$ cat upload25.cif   # mmCIF, C-alpha atoms and all ligand atoms
data_structure
#
loop_
_atom_site.group_PDB
_atom_site.id
_atom_site.type_symbol
_atom_site.label_atom_id
_atom_site.label_comp_id
_atom_site.auth_asym_id
_atom_site.auth_seq_id
_atom_site.Cartn_x
_atom_site.Cartn_y
_atom_site.Cartn_z
ATOM 1 C CA MET H 1 9.568 28.238 12.762
ATOM 2 C CA THR H 2 8.889 24.577 13.480
ATOM 3 C CA GLU H 3 9.090 22.017 10.699
ATOM 4 C CA LEU H 4 5.290 21.671 10.754
ATOM 5 C CA ALA H 5 4.811 25.442 10.516
ATOM 6 C CA VAL H 6 7.154 25.536 7.507
ATOM 7 C CA LEU H 7 5.228 22.713 5.836
ATOM 8 C CA ASN H 8 1.895 24.389 6.513
ATOM 9 C CA GLU H 9 3.129 27.678 5.108
ATOM 10 C CA ARG H 10 4.611 26.119 1.974
ATOM 11 C CA PHE H 11 2.169 23.302 1.201
ATOM 12 C CA GLY H 12 -0.927 23.768 3.378
ATOM 13 C CA ILE H 13 -4.284 24.414 1.688
ATOM 14 C CA GLN H 14 -6.742 26.384 3.776
ATOM 15 C CA ASP H 15 -9.652 24.287 5.069
ATOM 16 C CA GLN H 16 -8.396 21.281 3.123
ATOM 17 C CA LEU H 17 -4.836 20.149 3.844
ATOM 18 C CA THR H 18 -2.843 20.664 7.028
ATOM 19 C CA PHE H 19 0.274 19.200 8.595
ATOM 20 C CA SER H 20 0.156 18.210 12.231
ATOM 21 C CA GLU H 21 1.774 15.962 14.797
ATOM 22 C CA GLY H 22 0.161 12.521 14.782
ATOM 23 C CA SER H 23 0.494 9.508 17.093
ATOM 24 C CA GLY H 24 4.008 8.898 18.374
ATOM 25 C CA GLY H 25 5.023 12.376 17.267
ATOM 26 C CA LEU H 26 5.058 11.390 13.587
ATOM 27 C CA ALA H 27 4.207 14.237 11.203
ATOM 28 C CA VAL H 28 0.996 13.637 9.272
ATOM 29 C CA VAL H 29 -0.917 15.316 6.458
ATOM 30 C CA GLU H 30 -4.621 15.645 7.181
ATOM 31 C CA ILE H 31 -6.888 16.085 4.176
ATOM 32 C CA ALA H 32 -10.587 16.943 4.302
ATOM 33 C CA ASN H 33 -12.490 18.032 1.215
ATOM 34 C CA SER H 34 -16.102 17.763 0.065
ATOM 35 C CA LEU H 35 -15.464 14.245 -1.275
ATOM 36 C CA ALA H 36 -13.390 12.448 1.386
ATOM 37 C CA VAL H 37 -11.099 12.623 4.376
ATOM 38 C CA ALA H 38 -7.632 11.042 4.576
ATOM 39 C CA THR H 39 -4.476 11.014 6.668
ATOM 40 C CA VAL H 40 -0.937 10.297 5.489
ATOM 41 C CA ALA H 41 2.210 9.911 7.614
ATOM 42 C CA LEU H 42 5.322 11.535 6.147
ATOM 43 C CA GLN H 43 7.253 8.498 7.322
ATOM 44 C CA GLY H 44 7.007 6.127 4.380
ATOM 45 C CA ALA H 45 4.444 8.409 2.621
ATOM 46 C CA HIS H 46 2.200 5.943 4.424
ATOM 47 C CA LEU H 47 -1.521 6.547 3.868
ATOM 48 C CA LEU H 48 -3.250 5.769 7.171
ATOM 49 C CA SER H 49 -6.893 6.405 6.316
ATOM 50 C CA TRP H 50 -9.233 7.246 3.470
ATOM 51 C CA THR H 51 -12.967 7.615 3.955
ATOM 52 C CA PRO H 52 -15.105 8.890 1.091
ATOM 53 C CA HIS H 53 -18.040 11.099 2.075
ATOM 54 C CA ASP H 54 -20.976 9.052 3.460
ATOM 55 C CA GLU H 55 -18.950 5.816 3.550
ATOM 56 C CA GLN H 56 -17.387 3.650 6.230
ATOM 57 C CA PRO H 57 -13.549 3.770 6.356
ATOM 58 C CA VAL H 58 -12.097 1.888 3.385
ATOM 59 C CA ILE H 59 -8.592 1.428 4.767
ATOM 60 C CA TRP H 60 -7.858 -0.691 7.844
ATOM 61 C CA LEU H 61 -5.425 0.543 10.471
ATOM 62 C CA SER H 62 -4.693 -1.697 13.426
ATOM 63 C CA ARG H 63 -5.924 -0.518 16.812
ATOM 64 C CA ASP H 64 -2.517 -1.609 18.122
ATOM 65 C CA ALA H 65 -0.426 -0.083 15.348
ATOM 66 C CA GLY H 66 2.848 1.326 16.644
ATOM 67 C CA PHE H 67 3.838 4.805 15.523
ATOM 68 C CA GLU H 68 7.559 5.101 15.978
ATOM 69 C CA ALA H 69 10.288 6.614 13.876
ATOM 70 C CA GLY H 70 11.934 3.821 11.903
ATOM 71 C CA GLN H 71 9.193 1.209 12.552
ATOM 72 C CA SER H 72 6.651 0.055 10.000
ATOM 73 C CA ILE H 73 3.007 0.862 10.750
ATOM 74 C CA ARG H 74 0.487 -2.022 10.741
ATOM 75 C CA GLY H 75 -2.296 -1.127 8.351
ATOM 76 C CA GLY H 76 -2.892 1.649 5.859
ATOM 77 C CA VAL H 77 -0.932 1.559 2.610
ATOM 78 C CA PRO H 78 2.724 0.665 3.214
ATOM 79 C CA VAL H 79 4.962 1.292 0.200
ATOM 80 C CA CYS H 80 7.234 -1.663 -0.560
ATOM 81 C CA TRP H 81 10.276 -0.777 -2.704
ATOM 82 C CA PRO H 82 12.717 -1.689 -4.285
ATOM 83 C CA TRP H 83 11.986 -5.284 -3.413
ATOM 84 C CA PHE H 84 8.932 -7.158 -2.231
ATOM 85 C CA GLY H 85 9.117 -9.652 0.678
ATOM 86 C CA PRO H 86 12.568 -10.757 1.819
ATOM 87 C CA HIS H 87 15.582 -9.458 -0.144
ATOM 88 C CA ALA H 88 16.693 -12.054 -2.699
ATOM 89 C CA THR H 89 20.341 -12.226 -1.611
ATOM 90 C CA HIS H 90 20.599 -10.315 1.714
ATOM 91 C CA PRO H 91 18.245 -11.917 4.256
ATOM 92 C CA SER H 92 19.248 -9.319 6.875
ATOM 93 C CA TYR H 93 17.871 -6.439 4.786
ATOM 94 C CA PRO H 94 14.398 -5.256 5.828
ATOM 95 C CA ALA H 95 11.405 -7.167 4.454
ATOM 96 C CA HIS H 96 9.514 -5.289 1.716
ATOM 97 C CA GLY H 97 12.387 -2.855 1.139
ATOM 98 C CA PHE H 98 13.433 0.140 3.175
ATOM 99 C CA VAL H 99 11.236 3.068 2.160
ATOM 100 C CA ARG H 100 8.257 2.405 4.442
ATOM 101 C CA THR H 101 10.251 3.279 7.565
ATOM 102 C CA ILE H 102 12.135 6.401 6.482
ATOM 103 C CA PRO H 103 11.021 10.031 6.192
ATOM 104 C CA TRP H 104 9.782 11.274 2.808
ATOM 105 C CA GLN H 105 9.366 14.914 1.807
ATOM 106 C CA VAL H 106 6.328 16.634 0.381
ATOM 107 C CA SER H 107 6.946 17.877 -3.157
ATOM 108 C CA ASP H 108 3.567 19.288 -4.221
ATOM 109 C CA THR H 109 -0.008 19.875 -3.080
ATOM 110 C CA LYS H 110 -2.999 21.297 -4.945
ATOM 111 C CA THR H 111 -6.761 21.287 -5.230
ATOM 112 C CA LEU H 112 -8.035 19.588 -8.380
ATOM 113 C CA ASP H 113 -10.969 20.765 -10.510
ATOM 114 C CA ASP H 114 -13.320 18.057 -9.204
ATOM 115 C CA GLY H 115 -12.641 19.101 -5.586
ATOM 116 C CA ALA H 116 -10.187 16.266 -4.880
ATOM 117 C CA THR H 117 -6.860 16.990 -3.205
ATOM 118 C CA PHE H 118 -3.514 16.164 -4.786
ATOM 119 C CA VAL H 119 -0.414 15.557 -2.699
ATOM 120 C CA ALA H 120 2.940 14.188 -3.839
ATOM 121 C CA PHE H 121 5.836 12.837 -1.795
ATOM 122 C CA ARG H 122 9.458 12.143 -2.663
ATOM 123 C CA MET H 123 11.602 9.550 -0.925
ATOM 124 C CA ILE H 124 14.722 11.041 0.642
ATOM 125 C CA GLN H 125 17.899 9.228 -0.343
ATOM 126 C CA THR H 126 20.760 9.257 2.146
ATOM 127 C CA ASP H 127 24.025 7.421 2.766
ATOM 128 C CA ALA H 128 21.966 4.972 4.855
ATOM 129 C CA THR H 129 19.607 4.151 1.968
ATOM 130 C CA ASP H 130 22.560 3.867 -0.448
ATOM 131 C CA VAL H 131 23.676 0.812 1.539
ATOM 132 C CA PHE H 132 20.517 -1.018 0.432
ATOM 133 C CA TRP H 133 20.167 0.567 -2.995
ATOM 134 C CA PRO H 134 23.385 1.910 -4.522
ATOM 135 C CA HIS H 135 21.693 2.984 -7.767
ATOM 136 C CA ARG H 136 20.791 6.409 -9.085
ATOM 137 C CA SER H 137 17.031 6.648 -9.059
ATOM 138 C CA GLU H 138 14.122 8.698 -7.731
ATOM 139 C CA LEU H 139 10.955 7.497 -6.077
ATOM 140 C CA GLU H 140 7.737 9.498 -5.805
ATOM 141 C CA LEU H 141 4.241 8.747 -4.623
ATOM 142 C CA ALA H 142 1.435 10.946 -5.945
ATOM 143 C CA MET H 143 -2.002 10.733 -4.318
ATOM 144 C CA LYS H 144 -5.374 12.014 -5.418
ATOM 145 C CA VAL H 145 -7.812 11.981 -2.518
ATOM 146 C CA GLY H 146 -11.417 12.244 -3.609
ATOM 147 C CA ALA H 147 -14.423 9.982 -4.146
ATOM 148 C CA THR H 148 -11.799 7.606 -5.554
ATOM 149 C CA LEU H 149 -8.310 7.215 -4.145
ATOM 150 C CA ASP H 150 -5.665 7.243 -6.874
ATOM 151 C CA LEU H 151 -2.060 6.415 -6.077
ATOM 152 C CA ASP H 152 0.856 6.551 -8.509
ATOM 153 C CA LEU H 153 4.214 5.155 -7.383
ATOM 154 C CA ILE H 154 6.831 6.460 -9.810
ATOM 155 C CA THR H 155 10.342 5.031 -10.099
ATOM 156 C CA ARG H 156 12.748 7.020 -12.282
ATOM 157 C CA ASN H 157 16.007 5.482 -13.345
ATOM 158 C CA THR H 158 18.382 8.456 -13.361
ATOM 159 C CA GLY H 159 21.490 6.314 -13.748
ATOM 160 C CA ALA H 160 23.341 4.991 -16.785
ATOM 161 C CA GLU H 161 22.368 1.326 -16.393
ATOM 162 C CA ALA H 162 19.120 -0.603 -16.246
ATOM 163 C CA ILE H 163 17.710 -1.312 -12.768
ATOM 164 C CA THR H 164 15.340 -4.084 -11.657
ATOM 165 C CA ILE H 165 12.813 -3.427 -8.921
ATOM 166 C CA GLY H 166 9.994 -5.136 -7.096
ATOM 167 C CA ASP H 167 7.357 -2.867 -5.586
ATOM 168 C CA ALA H 168 3.945 -2.893 -3.954
ATOM 169 C CA LEU H 169 1.157 -0.762 -2.613
ATOM 170 C CA HIS H 170 0.525 -3.119 0.287
ATOM 171 C CA THR H 171 -3.000 -1.944 1.045
ATOM 172 C CA TYR H 172 -4.951 -3.157 4.080
ATOM 173 C CA PHE H 173 -8.666 -2.905 3.260
ATOM 174 C CA ALA H 174 -11.302 -2.737 5.976
ATOM 175 C CA VAL H 175 -13.967 -5.473 5.859
ATOM 176 C CA ARG H 176 -16.795 -6.396 8.227
ATOM 177 C CA ASP H 177 -15.744 -10.043 8.585
ATOM 178 C CA ILE H 178 -13.006 -11.761 6.565
ATOM 179 C CA ARG H 179 -14.946 -15.053 6.820
ATOM 180 C CA HIS H 180 -17.763 -13.663 4.697
ATOM 181 C CA ILE H 181 -16.017 -11.688 1.981
ATOM 182 C CA ALA H 182 -14.970 -12.814 -1.494
ATOM 183 C CA VAL H 183 -12.237 -11.380 -3.702
ATOM 184 C CA GLU H 184 -13.151 -11.556 -7.382
ATOM 185 C CA GLY H 185 -10.930 -10.923 -10.396
ATOM 186 C CA LEU H 186 -8.253 -13.573 -9.869
ATOM 187 C CA GLU H 187 -10.223 -16.540 -11.208
ATOM 188 C CA GLY H 188 -8.016 -18.826 -13.296
ATOM 189 C CA CYS H 189 -4.771 -17.019 -12.341
ATOM 190 C CA ARG H 190 -1.645 -18.913 -11.364
ATOM 191 C CA TYR H 191 -0.308 -18.147 -7.913
ATOM 192 C CA ILE H 192 2.613 -18.905 -5.634
ATOM 193 C CA ASP H 193 1.352 -20.285 -2.327
ATOM 194 C CA LYS H 194 3.803 -18.931 0.256
ATOM 195 C CA LEU H 195 2.276 -21.189 2.901
ATOM 196 C CA ASP H 196 2.840 -24.374 0.883
ATOM 197 C CA SER H 197 6.572 -24.296 -0.003
ATOM 198 C CA ASP H 198 5.964 -21.713 -2.757
ATOM 199 C CA LYS H 199 4.076 -24.309 -4.795
ATOM 200 C CA ARG H 200 2.466 -22.971 -7.957
ATOM 201 C CA LYS H 201 -1.289 -23.416 -8.091
ATOM 202 C CA GLN H 202 -4.261 -22.146 -10.030
ATOM 203 C CA GLN H 203 -7.154 -20.190 -8.579
ATOM 204 C CA SER H 204 -10.608 -21.505 -9.276
ATOM 205 C CA GLY H 205 -13.517 -19.214 -8.439
ATOM 206 C CA PRO H 206 -13.293 -16.155 -6.170
ATOM 207 C CA VAL H 207 -10.817 -16.114 -3.258
ATOM 208 C CA MET H 208 -12.581 -16.948 0.024
ATOM 209 C CA PHE H 209 -10.998 -17.041 3.475
ATOM 210 C CA ASN H 210 -11.138 -19.662 6.214
ATOM 211 C CA ALA H 211 -7.444 -19.880 7.185
ATOM 212 C CA GLU H 212 -4.147 -18.015 6.889
ATOM 213 C CA THR H 213 -3.673 -16.926 3.268
ATOM 214 C CA ASP H 214 -0.466 -15.622 1.669
ATOM 215 C CA ARG H 215 -0.326 -15.799 -2.124
ATOM 216 C CA ILE H 216 1.351 -14.029 -5.006
ATOM 217 C CA TYR H 217 -0.959 -14.124 -8.032
ATOM 218 C CA LEU H 218 1.011 -13.745 -11.253
ATOM 219 C CA ASP H 219 0.162 -11.902 -14.484
ATOM 220 C CA THR H 220 -2.921 -10.228 -13.063
ATOM 221 C CA ALA H 221 -4.159 -7.172 -14.902
ATOM 222 C CA THR H 222 -7.920 -6.955 -14.412
ATOM 223 C CA ASP H 223 -9.729 -5.162 -11.592
ATOM 224 C CA CYS H 224 -10.137 -6.980 -8.283
ATOM 225 C CA LEU H 225 -13.360 -6.631 -6.317
ATOM 226 C CA ILE H 226 -13.723 -7.152 -2.590
ATOM 227 C CA ASN H 227 -17.357 -8.131 -2.097
ATOM 228 C CA ASP H 228 -18.354 -7.388 1.476
ATOM 229 C CA PRO H 229 -21.962 -8.333 2.268
ATOM 230 C CA GLY H 230 -21.530 -7.227 5.922
ATOM 231 C CA LEU H 231 -20.788 -3.641 4.884
ATOM 232 C CA GLN H 232 -23.067 -3.980 1.839
ATOM 233 C CA ARG H 233 -20.338 -2.672 -0.411
ATOM 234 C CA ARG H 234 -17.803 -3.687 -2.941
ATOM 235 C CA ILE H 235 -14.322 -2.162 -3.142
ATOM 236 C CA ARG H 236 -13.035 -1.952 -6.720
ATOM 237 C CA ILE H 237 -9.269 -2.074 -7.163
ATOM 238 C CA GLY H 238 -8.121 -0.909 -10.578
ATOM 239 C CA LYS H 239 -4.438 -0.909 -11.435
ATOM 240 C CA ARG H 240 -1.848 -0.320 -14.129
ATOM 241 C CA GLY H 241 1.849 -1.095 -14.186
ATOM 242 C CA SER H 242 1.352 -3.914 -11.685
ATOM 243 C CA ARG H 243 1.543 -7.467 -12.949
ATOM 244 C CA SER H 244 1.102 -9.345 -9.667
ATOM 245 C CA THR H 245 -1.468 -9.228 -6.879
ATOM 246 C CA VAL H 246 -0.730 -10.393 -3.353
ATOM 247 C CA VAL H 247 -3.567 -11.558 -1.139
ATOM 248 C CA TRP H 248 -2.778 -11.833 2.557
ATOM 249 C CA ASN H 249 -4.528 -12.432 5.859
ATOM 250 C CA PRO H 250 -2.521 -13.778 8.823
ATOM 251 C CA TRP H 251 -5.556 -15.408 10.496
ATOM 252 C CA ARG H 252 -5.842 -15.916 14.245
ATOM 253 C CA VAL H 253 -2.733 -17.843 15.295
ATOM 254 C CA LYS H 254 -0.234 -15.786 13.322
ATOM 255 C CA ALA H 255 -1.989 -12.537 14.241
ATOM 256 C CA GLU H 256 -1.711 -13.418 17.932
ATOM 257 C CA ARG H 257 2.037 -13.875 17.495
ATOM 258 C CA MET H 258 2.303 -10.394 15.981
ATOM 259 C CA ALA H 259 2.551 -7.513 18.433
ATOM 260 C CA ASP H 260 0.529 -5.008 16.449
ATOM 261 C CA MET H 261 -2.497 -6.709 14.834
ATOM 262 C CA GLY H 262 -4.898 -5.884 17.693
ATOM 263 C CA LYS H 263 -7.265 -8.384 19.295
ATOM 264 C CA ASN H 264 -9.195 -10.119 16.518
ATOM 265 C CA GLY H 265 -7.974 -7.422 14.129
ATOM 266 C CA TYR H 266 -7.407 -10.050 11.427
ATOM 267 C CA LEU H 267 -11.192 -10.465 11.134
ATOM 268 C CA ASN H 268 -11.618 -6.909 9.878
ATOM 269 C CA MET H 269 -8.894 -6.684 7.230
ATOM 270 C CA VAL H 270 -7.696 -8.133 3.980
ATOM 271 C CA CYS H 271 -4.582 -7.140 2.074
ATOM 272 C CA VAL H 272 -5.038 -7.035 -1.688
ATOM 273 C CA GLU H 273 -1.704 -5.665 -2.817
ATOM 274 C CA SER H 274 -0.951 -4.354 -6.288
ATOM 275 C CA THR H 275 2.625 -5.471 -6.791
ATOM 276 C CA ASN H 276 5.423 -6.419 -9.118
ATOM 277 C CA ALA H 277 6.879 -9.433 -7.356
ATOM 278 C CA ALA H 278 8.488 -12.840 -7.971
ATOM 279 C CA ASP H 279 8.398 -13.526 -11.760
ATOM 280 C CA ASP H 280 6.910 -10.078 -12.313
ATOM 281 C CA VAL H 281 9.731 -7.772 -11.169
ATOM 282 C CA VAL H 282 10.270 -4.780 -13.468
ATOM 283 C CA THR H 283 13.410 -3.754 -15.343
ATOM 284 C CA ILE H 284 13.660 -0.029 -16.067
ATOM 285 C CA ALA H 285 16.093 1.122 -18.744
ATOM 286 C CA ALA H 286 18.473 4.039 -18.070
ATOM 287 C CA GLY H 287 16.524 7.285 -18.306
ATOM 288 C CA ASP H 288 13.111 5.574 -18.188
ATOM 289 C CA GLU H 289 10.452 5.571 -15.491
ATOM 290 C CA HIS H 290 7.922 3.074 -14.226
ATOM 291 C CA HIS H 291 4.496 3.827 -12.785
ATOM 292 C CA LEU H 292 2.573 1.512 -10.475
ATOM 293 C CA ARG H 293 -0.916 3.005 -10.393
ATOM 294 C CA VAL H 294 -3.972 2.017 -8.405
ATOM 295 C CA SER H 295 -7.450 3.437 -8.210
ATOM 296 C CA TYR H 296 -9.790 2.424 -5.391
ATOM 297 C CA GLN H 297 -13.489 3.099 -5.272
ATOM 298 C CA VAL H 298 -16.501 1.935 -3.300
ATOM 299 C CA GLU H 299 -19.634 0.609 -4.977
ATOM 300 C CA PRO H 300 -22.899 -0.588 -3.488
ATOM 301 C CA LEU H 301 -23.251 -4.353 -3.399
HETATM 302 C C1 LIG N 401 2.535 -9.714 2.801
HETATM 303 C C2 LIG N 401 3.424 -10.913 2.637
HETATM 304 O O1 LIG N 401 2.650 -8.922 1.661
HETATM 305 O O2 LIG N 401 2.987 -8.941 3.921
HETATM 306 C C3 LIG N 401 3.408 -11.727 3.924
HETATM 307 O O3 LIG N 401 2.975 -11.687 1.531
HETATM 308 C C4 LIG N 401 3.808 -10.854 5.102
HETATM 309 O O4 LIG N 401 4.289 -12.826 3.786
HETATM 310 C C5 LIG N 401 2.900 -9.631 5.144
HETATM 311 O O5 LIG N 401 3.684 -11.598 6.295
HETATM 312 C C6 LIG N 401 3.220 -8.646 6.263
HETATM 313 O O6 LIG N 401 4.535 -8.256 6.191
HETATM 314 P P1 LIG N 401 5.158 -7.300 7.277
HETATM 315 O O7 LIG N 401 6.631 -7.210 6.943
HETATM 316 O O8 LIG N 401 4.474 -5.972 7.146
HETATM 317 O O9 LIG N 401 4.889 -7.933 8.610
#
$ encode --input "upload25.cif" --output "structure tokens" --more "lines below"
Ligand code: BG6
Amino acid sequence: MTELAVLNERFGIQDQLTFSEGSGGLAVVEIANSLAVATVALQGAHLLSWTPHDEQPVIWLSRDAGFEAGQSIRGGVPVCWPWFGPHATHPSYPAHGFVRTIPWQVSDTKTLDDGATFVAFRMIQTDATDVFWPHRSELELAMKVGATLDLDLITRNTGAEAITIGDALHTYFAVRDIRHIAVEGLEGCRYIDKLDSDKRKQQSGPVMFNAETDRIYLDTATDCLINDPGLQRRIRIGKRGSRSTVVWNPWRVKAERMADMGKNGYLNMVCVESTNAADDVVTIAAGDEHHLRVSYQVEPL
């Protein structure tokens, strides 16, 4: 039996959840229920798409995304763990941690009472990952795909000492035109401006975009809203267990220097990332667990 056949036999749900070979030969989970459709790559437990019934796609995936074993995929929901951005002391370690480019395994699938589909993934630890993270821990990502998309990134400290992690659900949201959207919910928050020598600043009013933007907002707990007049919708981002919010758009010049953003792709995306980064990293006591939870939903504008 092939690996996909084994997965389908063990975890497939008839007419709702199947495993297949996606672009570049990467294994993907395809979910279609009465509420939404979604696709997730097993590499990185990387959600590639989520479209609620009767809506436009909510998640942006670059037209020029590469799908290769061991390479990060541009768009979707990359999982950053156990650090966010560059590693604090080892600049040669991969940016945003190492779990977005390695295979994960499926640990559970089921249909929920409301018709949504549940799927959970577990990161596979190996000698290679121990090089970056020599601690005893477990990492899981549970997804509920329905009219809302709920993600729960669970870190369990199975060792005898406390561990400190940074993490992020680095979501790329689809928008009609970045120049006309506004992100609400960060008014008055302090942020680190990564494009201005990490200076600390304070947000006044909603976040609007007319240039490259790369900021870590600190101590953010309330919902963020992406108001998109072009698509006549608002994306609501609820979260728990995430103290920081990263807002990123590379804009034209940086996007052109990147191999995988697609022509003018930057115009149709915004990253609003629920994170624990910079001052907001999380310490987990021995035997404890930490949940980073998000809930996305679409509302009419
Ligand atoms: C954002 C960072 O989260 O991710 C940016 O704040 C970074 O600095 C961006 O450029 C994309 O990162 P990567 O590693 O996926 O190219």
$ atom_distance --input "upload25.cif" --atom1 "CA of Asp130 in chain H" --atom2 "CA of Pro86 in chain H"
17.9 Å
$ residues_around --input "upload25.cif" --residues "Ala95 in chain H" --least-positions-apart "3" --cutoff "12 Å" --atoms "only C-alpha atoms" --output "PyMOL selection string"
chain H and resi 71-72+78-92+98-101+132+166-167
$ residues_near_ligand --input "upload25.cif" --ligand "ligand LIG 401 (chain N)" --cutoff "10 Å" --atoms "all atoms listed in the file" --output "PDB file with C-alpha atoms, keeping the file's coordinate frame"
ATOM      1  CA  SER H  72       6.651   0.055  10.000  1.00  0.00           C
ATOM      2  CA  ILE H  73       3.007   0.862  10.750  1.00  0.00           C
ATOM      3  CA  ARG H  74       0.487  -2.022  10.741  1.00  0.00           C
ATOM      4  CA  GLY H  75      -2.296  -1.127   8.351  1.00  0.00           C
ATOM      5  CA  PRO H  78       2.724   0.665   3.214  1.00  0.00           C
ATOM      6  CA  CYS H  80       7.234  -1.663  -0.560  1.00  0.00           C
ATOM      7  CA  PHE H  84       8.932  -7.158  -2.231  1.00  0.00           C
ATOM      8  CA  GLY H  85       9.117  -9.652   0.678  1.00  0.00           C
ATOM      9  CA  PRO H  86      12.568 -10.757   1.819  1.00  0.00           C
ATOM     10  CA  PRO H  94      14.398  -5.256   5.828  1.00  0.00           C
ATOM     11  CA  ALA H  95      11.405  -7.167   4.454  1.00  0.00           C
ATOM     12  CA  HIS H  96       9.514  -5.289   1.716  1.00  0.00           C
ATOM     13  CA  GLY H  97      12.387  -2.855   1.139  1.00  0.00           C
ATOM     14  CA  ARG H 100       8.257   2.405   4.442  1.00  0.00           C
ATOM     15  CA  ALA H 168       3.945  -2.893  -3.954  1.00  0.00           C
ATOM     16  CA  LEU H 169       1.157  -0.762  -2.613  1.00  0.00           C
ATOM     17  CA  HIS H 170       0.525  -3.119   0.287  1.00  0.00           C
ATOM     18  CA  THR H 171      -3.000  -1.944   1.045  1.00  0.00           C
ATOM     19  CA  TYR H 172      -4.951  -3.157   4.080  1.00  0.00           C
ATOM     20  CA  ASP H 193       1.352 -20.285  -2.327  1.00  0.00           C
ATOM     21  CA  LYS H 194       3.803 -18.931   0.256  1.00  0.00           C
ATOM     22  CA  LEU H 195       2.276 -21.189   2.901  1.00  0.00           C
ATOM     23  CA  THR H 213      -3.673 -16.926   3.268  1.00  0.00           C
ATOM     24  CA  ASP H 214      -0.466 -15.622   1.669  1.00  0.00           C
ATOM     25  CA  ARG H 215      -0.326 -15.799  -2.124  1.00  0.00           C
ATOM     26  CA  ILE H 216       1.351 -14.029  -5.006  1.00  0.00           C
ATOM     27  CA  THR H 245      -1.468  -9.228  -6.879  1.00  0.00           C
ATOM     28  CA  VAL H 246      -0.730 -10.393  -3.353  1.00  0.00           C
ATOM     29  CA  VAL H 247      -3.567 -11.558  -1.139  1.00  0.00           C
ATOM     30  CA  TRP H 248      -2.778 -11.833   2.557  1.00  0.00           C
ATOM     31  CA  ASN H 249      -4.528 -12.432   5.859  1.00  0.00           C
ATOM     32  CA  PRO H 250      -2.521 -13.778   8.823  1.00  0.00           C
ATOM     33  CA  LYS H 254      -0.234 -15.786  13.322  1.00  0.00           C
ATOM     34  CA  ALA H 255      -1.989 -12.537  14.241  1.00  0.00           C
ATOM     35  CA  MET H 258       2.303 -10.394  15.981  1.00  0.00           C
ATOM     36  CA  ASP H 260       0.529  -5.008  16.449  1.00  0.00           C
ATOM     37  CA  MET H 261      -2.497  -6.709  14.834  1.00  0.00           C
ATOM     38  CA  CYS H 271      -4.582  -7.140   2.074  1.00  0.00           C
ATOM     39  CA  VAL H 272      -5.038  -7.035  -1.688  1.00  0.00           C
ATOM     40  CA  GLU H 273      -1.704  -5.665  -2.817  1.00  0.00           C
ATOM     41  CA  SER H 274      -0.951  -4.354  -6.288  1.00  0.00           C
ATOM     42  CA  THR H 275       2.625  -5.471  -6.791  1.00  0.00           C
ATOM     43  CA  ALA H 277       6.879  -9.433  -7.356  1.00  0.00           C
TER      44      ALA H 277
END
$ closest_residue --input "upload25.cif" --among "H:Ser23, H:Asn264, H:Ser295, H:Thr117" --to "Ala65 in chain H" --atoms "all atoms listed in the file"
H:Ser23
$ residues_around --input "upload25.cif" --residues "Thr148 in chain H" --least-positions-apart "4" --cutoff "10 Å" --atoms "all atoms listed in the file" --output "count of residues only"
12
$ atom_distance --input "upload25.cif" --atom1 "CA of Ala120 in chain H" --atom2 "CA of Val145 in chain H"
11.1 Å
$ residues_around --input "upload25.cif" --residues "Gly25 in chain H" --least-positions-apart "3" --cutoff "8 Å" --atoms "only C-alpha atoms" --output "list in words"
Glu21, Gly22, Phe67 and Glu68 of chain H
$ atom_distance --input "upload25.cif" --atom1 "CA of Phe118 in chain H" --atom2 "CA of Glu289 in chain H"
20.5 Å
$ resolve_selection --input "upload25.cif" --expression "the PyMOL selection byres (((chain H and resi 115) around 8) and not hetatm)" --output "PDB file with C-alpha atoms, keeping the file's coordinate frame"
ATOM      1  CA  ASN H  33     -12.490  18.032   1.215  1.00  0.00           C
ATOM      2  CA  SER H  34     -16.102  17.763   0.065  1.00  0.00           C
ATOM      3  CA  LEU H  35     -15.464  14.245  -1.275  1.00  0.00           C
ATOM      4  CA  THR H 111      -6.761  21.287  -5.230  1.00  0.00           C
ATOM      5  CA  LEU H 112      -8.035  19.588  -8.380  1.00  0.00           C
ATOM      6  CA  ASP H 113     -10.969  20.765 -10.510  1.00  0.00           C
ATOM      7  CA  ASP H 114     -13.320  18.057  -9.204  1.00  0.00           C
ATOM      8  CA  ALA H 116     -10.187  16.266  -4.880  1.00  0.00           C
ATOM      9  CA  THR H 117      -6.860  16.990  -3.205  1.00  0.00           C
ATOM     10  CA  GLY H 146     -11.417  12.244  -3.609  1.00  0.00           C
TER      11      GLY H 146
END
$ closest_residue --input "upload25.cif" --among "H:Pro103, H:Gly70, H:Gly185, H:Pro57" --to "Gln125 in chain H" --atoms "only C-alpha atoms"
H:Pro103
$ resolve_selection --input "upload25.cif" --expression "the PyMOL selection byres (((chain H and resi 16) around 7) and not hetatm)" --output "short mmCIF file (atom, residue, chain, number, x, y, z; two decimals) with C-alpha atoms, keeping the file's coordinate frame"
data_model
loop_
_atom_site.label_atom_id
_atom_site.label_comp_id
_atom_site.auth_asym_id
_atom_site.auth_seq_id
_atom_site.Cartn_x
_atom_site.Cartn_y
_atom_site.Cartn_z
CA ILE H 13 -4.28 24.41 1.69
CA GLN H 14 -6.74 26.38 3.78
CA ASP H 15 -9.65 24.29 5.07
CA LEU H 17 -4.84 20.15 3.84
CA THR H 18 -2.84 20.66 7.03
CA ILE H 31 -6.89 16.08 4.18
CA ALA H 32 -10.59 16.94 4.30
CA ASN H 33 -12.49 18.03 1.22
#
$ closest_residue --input "upload25.cif" --among "H:Asp152, H:Asp177, H:Asp196, H:Glu184" --to "Leu292 in chain H" --atoms "all atoms listed in the file"
H:Asp152
$ closest_residue --input "upload25.cif" --among "H:Pro206, H:Pro229, H:Gly159, H:Gly287" --to "His180 in chain H" --atoms "all atoms listed in the file"
H:Pro229
